[in-house]
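Undergrad: Below you will find the structure I want to go over with you.
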Amino acid sequence: MPDQQLEIVDLRTSRDEKLLEEICSGLYEQSFPFEEEREDLGFWRENLWDSRPGSLVVHFLVAGRELRDDRGREVVGFIGTEYYPESRVGLITYIAVAPEWRGRGVGRELMDAAFRALANDARAAARKLRAVFAEIHEPSRIAPIADSIPPRDRVAIMARYGGKRVPIPYVQPALGEGRDRVYGLMLVAFPARRRNFARRKSVEKMPADTVSRFLRELYCASHDVREDDEDFSRMLNALTGDLELEELVHE
């Protein structure tokens, strides 16, 4: 860990509703200012603690000090993951580090913990993880002051973790009834098998079938399947053969 006094707790296995509520109304909301891009508290409660076997597997990993002490704890960061069992794919949904803790290795430790959780999810189903994705803002489509971190900085961070862009016109499904889809995002891919992010390996190609299976499962899980879906069709039409993944940062 970047600090020996820090710990990482997985709320999926260490249920703490008060801690979850504190984060959702604090660092989570501050770090993801666009409401359409945030899951609500009900989603986390249902999918962390009331999910059915064989369904979407959700983790919410929290980094901090004295996290089990609801009066003296300090939350310094968190990361959310989802494992999609049919496509055998993981998704990094949210990652945030408190401003005063940035640049101290917390994000890297959270990413390592997230990858371990996803690998374990696949292993529990006697499977191997096929891919790991994340969604981040496309810098050219959002003003730097509109986000909690300038989009170009977030892109550079994901590039250091070995992420590369999946070359499709990605659209995030609506995160609930009556909510809108999210445009202006890009889908980023990471190597599925790695011990830690100190090894900056990246994936160069990805089978189109891996991405298409994930997209279908993602949209079904979000209950955002529509007839004559132009957004979905554009994404699928961009998937052919082995996809050449794109560098996030060009020298």
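In the structure tokens, chains take letters A, B, ... by order of appearance, with residues numbered from 1 within each chain and ligands from 1 in the order shown.
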Contacts of Val188 of chain A at 8 Å or less, counting only C-alpha atoms, minus same-chain residues fewer than 6 places along, as a list in words?

TA: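 Contacts, in chain order: Phe133, Ala134, Glu135, Ile136, Gly163, Lys164, Arg165 and Val166 of chain A.
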
Undergrad: Take the residues from that selection and write them out as a compact mmCIF listing (two decimals), in the first residue's frame, keeping all heavy atoms.

TA:
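As a result, selection-v9.txt now contains:
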```
# COMPACT_ATOMS: atom_id res chain seq x y z
N PHE A 133 -12.93 -3.71 -18.96
CA PHE A 133 -13.20 -2.43 -19.60
C PHE A 133 -13.44 -1.34 -18.55
O PHE A 133 -13.67 -1.63 -17.37
CB PHE A 133 -14.45 -2.51 -20.49
CG PHE A 133 -14.33 -3.47 -21.64
CD1 PHE A 133 -15.08 -4.64 -21.68
CD2 PHE A 133 -13.48 -3.20 -22.70
CE1 PHE A 133 -14.98 -5.52 -22.74
CE2 PHE A 133 -13.36 -4.08 -23.77
CZ PHE A 133 -14.11 -5.24 -23.79
N ALA A 134 -13.38 -0.10 -19.01
CA ALA A 134 -13.77 1.05 -18.20
C ALA A 134 -14.37 2.09 -19.14
O ALA A 134 -14.15 2.04 -20.37
CB ALA A 134 -12.58 1.63 -17.45
N GLU A 135 -15.13 3.01 -18.58
CA GLU A 135 -15.72 4.10 -19.35
C GLU A 135 -15.13 5.42 -18.84
O GLU A 135 -15.13 5.66 -17.64
CB GLU A 135 -17.24 4.14 -19.15
CG GLU A 135 -17.95 2.83 -19.48
CD GLU A 135 -19.30 2.71 -18.79
OE1 GLU A 135 -19.39 3.14 -17.61
OE2 GLU A 135 -20.23 2.19 -19.41
N ILE A 136 -14.63 6.25 -19.75
CA ILE A 136 -14.13 7.56 -19.36
C ILE A 136 -14.58 8.60 -20.37
O ILE A 136 -14.95 8.27 -21.49
CB ILE A 136 -12.58 7.58 -19.24
CG1 ILE A 136 -11.92 7.17 -20.56
CG2 ILE A 136 -12.12 6.69 -18.11
CD1 ILE A 136 -10.40 7.29 -20.53
N GLY A 163 -4.36 1.07 -20.29
CA GLY A 163 -5.62 1.11 -21.02
C GLY A 163 -5.46 1.60 -22.45
O GLY A 163 -4.61 2.44 -22.74
N LYS A 164 -6.30 1.04 -23.33
CA LYS A 164 -6.36 1.50 -24.71
C LYS A 164 -7.81 1.63 -25.14
O LYS A 164 -8.70 0.94 -24.61
CB LYS A 164 -5.62 0.54 -25.64
CG LYS A 164 -4.11 0.58 -25.47
CD LYS A 164 -3.40 -0.10 -26.62
CE LYS A 164 -1.89 0.10 -26.50
NZ LYS A 164 -1.18 -0.47 -27.66
N ARG A 165 -8.03 2.50 -26.10
CA ARG A 165 -9.40 2.77 -26.52
C ARG A 165 -9.92 1.69 -27.46
O ARG A 165 -9.23 1.25 -28.38
CB ARG A 165 -9.47 4.13 -27.23
CG ARG A 165 -10.89 4.50 -27.66
CD ARG A 165 -10.93 5.89 -28.23
NE ARG A 165 -12.30 6.30 -28.51
CZ ARG A 165 -12.70 7.54 -28.73
NH1 ARG A 165 -11.79 8.51 -28.73
NH2 ARG A 165 -13.95 7.82 -28.96
N VAL A 166 -11.17 1.28 -27.21
CA VAL A 166 -11.87 0.39 -28.13
C VAL A 166 -12.51 1.27 -29.20
O VAL A 166 -13.31 2.15 -28.87
CB VAL A 166 -12.95 -0.43 -27.40
CG1 VAL A 166 -13.66 -1.36 -28.37
CG2 VAL A 166 -12.34 -1.23 -26.24
```

Undergrad: Among segment 58-208 of chain A, which ones does DSSP assign to strand (DSSP E) (computed from the backbone)? Answer as a PyMOL selection string.

TA: chain A and resi 58-65+74-84+89-97+131-137+164-165+185-190+205-207

Undergrad: Taking only C-alpha atoms into account, which of A:Leu41, A:Asp10, A:Phe232, A:Pro207 comes nearest Ser25 of chain A?

TA: A:Leu41

Undergrad: Enumerate, as a count of residues only, the complete set of residues in segment 56-241 of chain A that a backbone-based DSSP assignment places in alpha helix (DSSP H).

TA: 51

Undergrad: Smallest atom-to-atom distance to Val9 of chain A: which of A:Arg68, A:Arg160, A:Arg141, A:Arg102, using only C-alpha atoms?

TA: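 Using only C-alpha atoms, the shortest distance to Val9 of chain A belongs to A:Arg68.
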
Undergrad: Can you tell me, as a tab-separated table (two decimals) with all heavy atoms, in the first residue's frame, what residues are no more than 12 Å from Glu29 of chain A when counting only C-alpha atoms, ignoring any on the same chain fewer than 6 positions away?

TA:
```tsv
chain	number	residue	atom	x	y	z
A	20	LEU	N	-21.35	3.08	3.18
A	20	LEU	CA	-21.80	3.25	1.80
A	20	LEU	C	-22.57	4.55	1.63
A	20	LEU	O	-22.35	5.30	0.67
A	20	LEU	CB	-22.69	2.06	1.40
A	20	LEU	CG	-23.28	2.13	-0.02
A	20	LEU	CD1	-22.18	2.06	-1.08
A	20	LEU	CD2	-24.30	1.00	-0.23
A	21	GLU	N	-23.47	4.84	2.55
A	21	GLU	CA	-24.25	6.08	2.48
A	21	GLU	C	-23.35	7.31	2.56
A	21	GLU	O	-23.55	8.29	1.83
A	21	GLU	CB	-25.28	6.11	3.60
A	21	GLU	CG	-26.39	5.08	3.44
A	21	GLU	CD	-27.27	4.98	4.68
A	21	GLU	OE1	-27.05	5.77	5.63
A	21	GLU	OE2	-28.17	4.12	4.69
A	22	GLU	N	-22.35	7.26	3.44
A	22	GLU	CA	-21.42	8.39	3.59
A	22	GLU	C	-20.67	8.65	2.29
A	22	GLU	O	-20.50	9.81	1.86
A	22	GLU	CB	-20.43	8.11	4.72
A	22	GLU	CG	-21.03	8.15	6.11
A	22	GLU	CD	-20.03	7.77	7.19
A	22	GLU	OE1	-18.84	7.57	6.85
A	22	GLU	OE2	-20.43	7.66	8.36
A	23	ILE	N	-20.20	7.58	1.66
A	23	ILE	CA	-19.44	7.74	0.42
A	23	ILE	C	-20.34	8.24	-0.70
A	23	ILE	O	-19.97	9.13	-1.47
A	23	ILE	CB	-18.76	6.41	0.03
A	23	ILE	CG1	-17.71	6.04	1.08
A	23	ILE	CG2	-18.11	6.52	-1.35
A	23	ILE	CD1	-17.13	4.66	0.89
A	35	GLU	N	-25.38	13.47	-12.87
A	35	GLU	CA	-26.32	12.53	-12.25
A	35	GLU	C	-26.61	11.33	-13.15
A	35	GLU	O	-26.78	10.21	-12.66
A	35	GLU	CB	-27.62	13.25	-11.91
A	35	GLU	CG	-28.61	12.39	-11.14
A	35	GLU	CD	-29.85	13.15	-10.72
A	35	GLU	OE1	-29.92	14.37	-10.99
A	35	GLU	OE2	-30.76	12.52	-10.13
A	36	GLU	N	-26.66	11.54	-14.47
A	36	GLU	CA	-26.97	10.44	-15.38
A	36	GLU	C	-25.89	9.36	-15.38
A	36	GLU	O	-26.13	8.24	-15.83
A	36	GLU	CB	-27.17	10.97	-16.80
A	36	GLU	CG	-28.36	11.89	-16.97
A	36	GLU	CD	-29.68	11.22	-16.63
A	36	GLU	OE1	-29.81	10.01	-16.91
A	36	GLU	OE2	-30.57	11.88	-16.08
A	37	GLU	N	-24.71	9.69	-14.88
A	37	GLU	CA	-23.60	8.74	-14.87
A	37	GLU	C	-23.43	8.03	-13.53
A	37	GLU	O	-22.54	7.18	-13.39
A	37	GLU	CB	-22.30	9.46	-15.24
A	37	GLU	CG	-22.33	10.07	-16.63
A	37	GLU	CD	-21.06	10.83	-16.97
A	37	GLU	OE1	-20.04	10.63	-16.27
A	37	GLU	OE2	-21.09	11.64	-17.91
A	38	ARG	N	-24.28	8.33	-12.57
A	38	ARG	CA	-24.17	7.74	-11.24
A	38	ARG	C	-25.30	6.75	-10.98
A	38	ARG	O	-26.46	7.03	-11.27
A	38	ARG	CB	-24.23	8.81	-10.14
A	38	ARG	CG	-23.10	9.77	-10.08
A	38	ARG	CD	-23.09	10.50	-8.72
A	38	ARG	NE	-24.37	11.08	-8.36
A	38	ARG	CZ	-24.73	12.34	-8.63
A	38	ARG	NH1	-23.90	13.15	-9.25
A	38	ARG	NH2	-25.90	12.79	-8.25
A	39	GLU	N	-24.94	5.60	-10.42
A	39	GLU	CA	-25.95	4.69	-9.90
A	39	GLU	C	-26.47	5.25	-8.57
A	39	GLU	O	-25.74	5.92	-7.84
A	39	GLU	CB	-25.36	3.30	-9.66
A	39	GLU	CG	-24.81	2.62	-10.90
A	39	GLU	CD	-25.89	2.07	-11.81
A	39	GLU	OE1	-27.09	2.33	-11.57
A	39	GLU	OE2	-25.54	1.36	-12.78
A	40	ASP	N	-27.74	4.96	-8.27
A	40	ASP	CA	-28.28	5.46	-7.00
A	40	ASP	C	-27.97	4.48	-5.87
A	40	ASP	O	-27.47	3.37	-6.08
A	40	ASP	CB	-29.77	5.76	-7.10
A	40	ASP	CG	-30.59	4.53	-7.48
A	40	ASP	OD1	-30.14	3.40	-7.21
A	40	ASP	OD2	-31.69	4.71	-8.05
A	41	LEU	N	-28.29	4.89	-4.65
A	41	LEU	CA	-27.98	4.09	-3.48
A	41	LEU	C	-28.69	2.74	-3.53
A	41	LEU	O	-28.14	1.71	-3.10
A	41	LEU	CB	-28.38	4.85	-2.22
A	41	LEU	CG	-27.94	4.27	-0.87
A	41	LEU	CD1	-26.44	4.10	-0.80
A	41	LEU	CD2	-28.43	5.18	0.27
A	94	TYR	N	-16.48	2.85	-11.46
A	94	TYR	CA	-16.16	4.13	-10.83
A	94	TYR	C	-14.85	4.00	-10.06
A	94	TYR	O	-14.61	2.99	-9.40
A	94	TYR	CB	-17.26	4.54	-9.82
A	94	TYR	CG	-18.64	4.63	-10.42
A	94	TYR	CD1	-19.52	3.54	-10.34
A	94	TYR	CD2	-19.06	5.79	-11.08
A	94	TYR	CE1	-20.78	3.61	-10.91
A	94	TYR	CE2	-20.32	5.86	-11.64
A	94	TYR	CZ	-21.17	4.77	-11.56
A	94	TYR	OH	-22.41	4.84	-12.12
A	95	ILE	N	-14.01	5.02	-10.17
A	95	ILE	CA	-12.81	5.09	-9.33
A	95	ILE	C	-12.59	6.55	-8.98
A	95	ILE	O	-12.70	7.44	-9.84
A	95	ILE	CB	-11.57	4.49	-10.04
A	95	ILE	CG1	-10.34	4.61	-9.13
A	95	ILE	CG2	-11.32	5.10	-11.40
A	95	ILE	CD1	-9.12	3.84	-9.62
A	96	ALA	N	-12.32	6.79	-7.71
A	96	ALA	CA	-12.07	8.16	-7.26
A	96	ALA	C	-11.10	8.13	-6.09
A	96	ALA	O	-11.12	7.20	-5.27
A	96	ALA	CB	-13.38	8.83	-6.85
A	98	ALA	N	-9.60	10.90	-3.07
A	98	ALA	CA	-9.74	12.22	-2.48
A	98	ALA	C	-8.61	13.13	-2.95
A	98	ALA	O	-7.47	12.69	-3.06
A	98	ALA	CB	-9.74	12.11	-0.95
A	147	ASP	N	-15.98	18.56	-15.19
A	147	ASP	CA	-15.73	17.29	-14.52
A	147	ASP	C	-14.89	17.53	-13.26
A	147	ASP	O	-14.29	18.58	-13.09
A	147	ASP	CB	-14.99	16.34	-15.47
A	147	ASP	CG	-15.17	14.88	-15.10
A	147	ASP	OD1	-15.75	14.61	-14.04
A	147	ASP	OD2	-14.74	14.01	-15.87
A	148	SER	N	-14.87	16.53	-12.38
A	148	SER	CA	-14.10	16.66	-11.14
A	148	SER	C	-12.61	16.60	-11.39
A	148	SER	O	-11.81	17.12	-10.62
A	148	SER	CB	-14.51	15.56	-10.15
A	148	SER	OG	-14.27	14.28	-10.72
```

Undergrad: Near segment 220-231 of chain A, counting only C-alpha atoms, which residues have an atom at most 7 Å away, once you skip same-chain residues fewer than 2 positions from it, shown as an mmCIF file with C-alpha atoms, in the first residue's frame?

TA:
```
data_model
loop_
_atom_site.group_PDB
_atom_site.id
_atom_site.type_symbol
_atom_site.label_atom_id
_atom_site.label_comp_id
_atom_site.auth_asym_id
_atom_site.auth_seq_id
_atom_site.Cartn_x
_atom_site.Cartn_y
_atom_site.Cartn_z
ATOM 1 C CA VAL A 171 -22.804 4.957 -25.670
ATOM 2 C CA PRO A 173 -26.910 2.590 -21.452
ATOM 3 C CA ALA A 174 -29.390 4.443 -19.268
ATOM 4 C CA LEU A 175 -28.793 3.664 -15.591
ATOM 5 C CA ARG A 216 -25.289 -7.163 -25.298
ATOM 6 C CA GLU A 217 -25.031 -8.279 -21.681
ATOM 7 C CA LEU A 218 -24.424 -4.718 -20.467
ATOM 8 C CA SER A 233 -26.400 -0.788 -34.138
ATOM 9 C CA ARG A 234 -23.605 1.758 -34.673
ATOM 10 C CA MET A 235 -21.512 0.093 -31.990
#
```

Undergrad: Give me the segment 35-152 of chain A side of the contact with segment 246-249 of chain A, cut-off 12 Å, one line per residue showing its nearest atom pair and distance in Å at one decimal, counting only C-alpha atoms, sorted by chain and residue number, as a tab-separated table.

TA:
```
residue	atom	partner	partner_atom	distance
A:Ile136	CA	A:Leu248	CA	10.9
A:His137	CA	A:Leu248	CA	11.6
A:Glu138	CA	A:Leu248	CA	10.1
A:Pro139	CA	A:Leu248	CA	10.7
A:Pro151	CA	A:Leu248	CA	11.6
A:Arg152	CA	A:Val249	CA	8.9
```

Undergrad: Atoms to include: N, CA and C atoms. Write the selected residues as a PDB file, in the first residue's frame.

TA:
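Output file out13.pdb follows:
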```
ATOM      1  N   ILE A 136     -14.633   6.248 -19.748  1.00  0.00           N
ATOM      2  CA  ILE A 136     -14.126   7.561 -19.358  1.00  0.00           C
ATOM      3  C   ILE A 136     -14.578   8.601 -20.366  1.00  0.00           C
ATOM      4  N   HIS A 137     -14.559   9.852 -19.949  1.00  0.00           N
ATOM      5  CA  HIS A 137     -15.002  10.929 -20.826  1.00  0.00           C
ATOM      6  C   HIS A 137     -14.048  11.132 -22.004  1.00  0.00           C
ATOM      7  N   GLU A 138     -14.624  11.397 -23.148  1.00  0.00           N
ATOM      8  CA  GLU A 138     -13.870  11.798 -24.333  1.00  0.00           C
ATOM      9  C   GLU A 138     -13.513  13.276 -24.171  1.00  0.00           C
ATOM     10  N   PRO A 139     -12.221  13.616 -24.036  1.00  0.00           N
ATOM     11  CA  PRO A 139     -11.850  15.008 -23.735  1.00  0.00           C
ATOM     12  C   PRO A 139     -12.400  16.042 -24.709  1.00  0.00           C
ATOM     13  N   PRO A 151     -10.743  15.878 -18.118  1.00  0.00           N
ATOM     14  CA  PRO A 151     -10.791  14.611 -18.867  1.00  0.00           C
ATOM     15  C   PRO A 151      -9.448  14.162 -19.420  1.00  0.00           C
ATOM     16  N   ARG A 152      -8.613  15.101 -19.858  1.00  0.00           N
ATOM     17  CA  ARG A 152      -7.305  14.705 -20.398  1.00  0.00           C
ATOM     18  C   ARG A 152      -6.420  14.096 -19.310  1.00  0.00           C
TER      19      ARG A 152
END
```
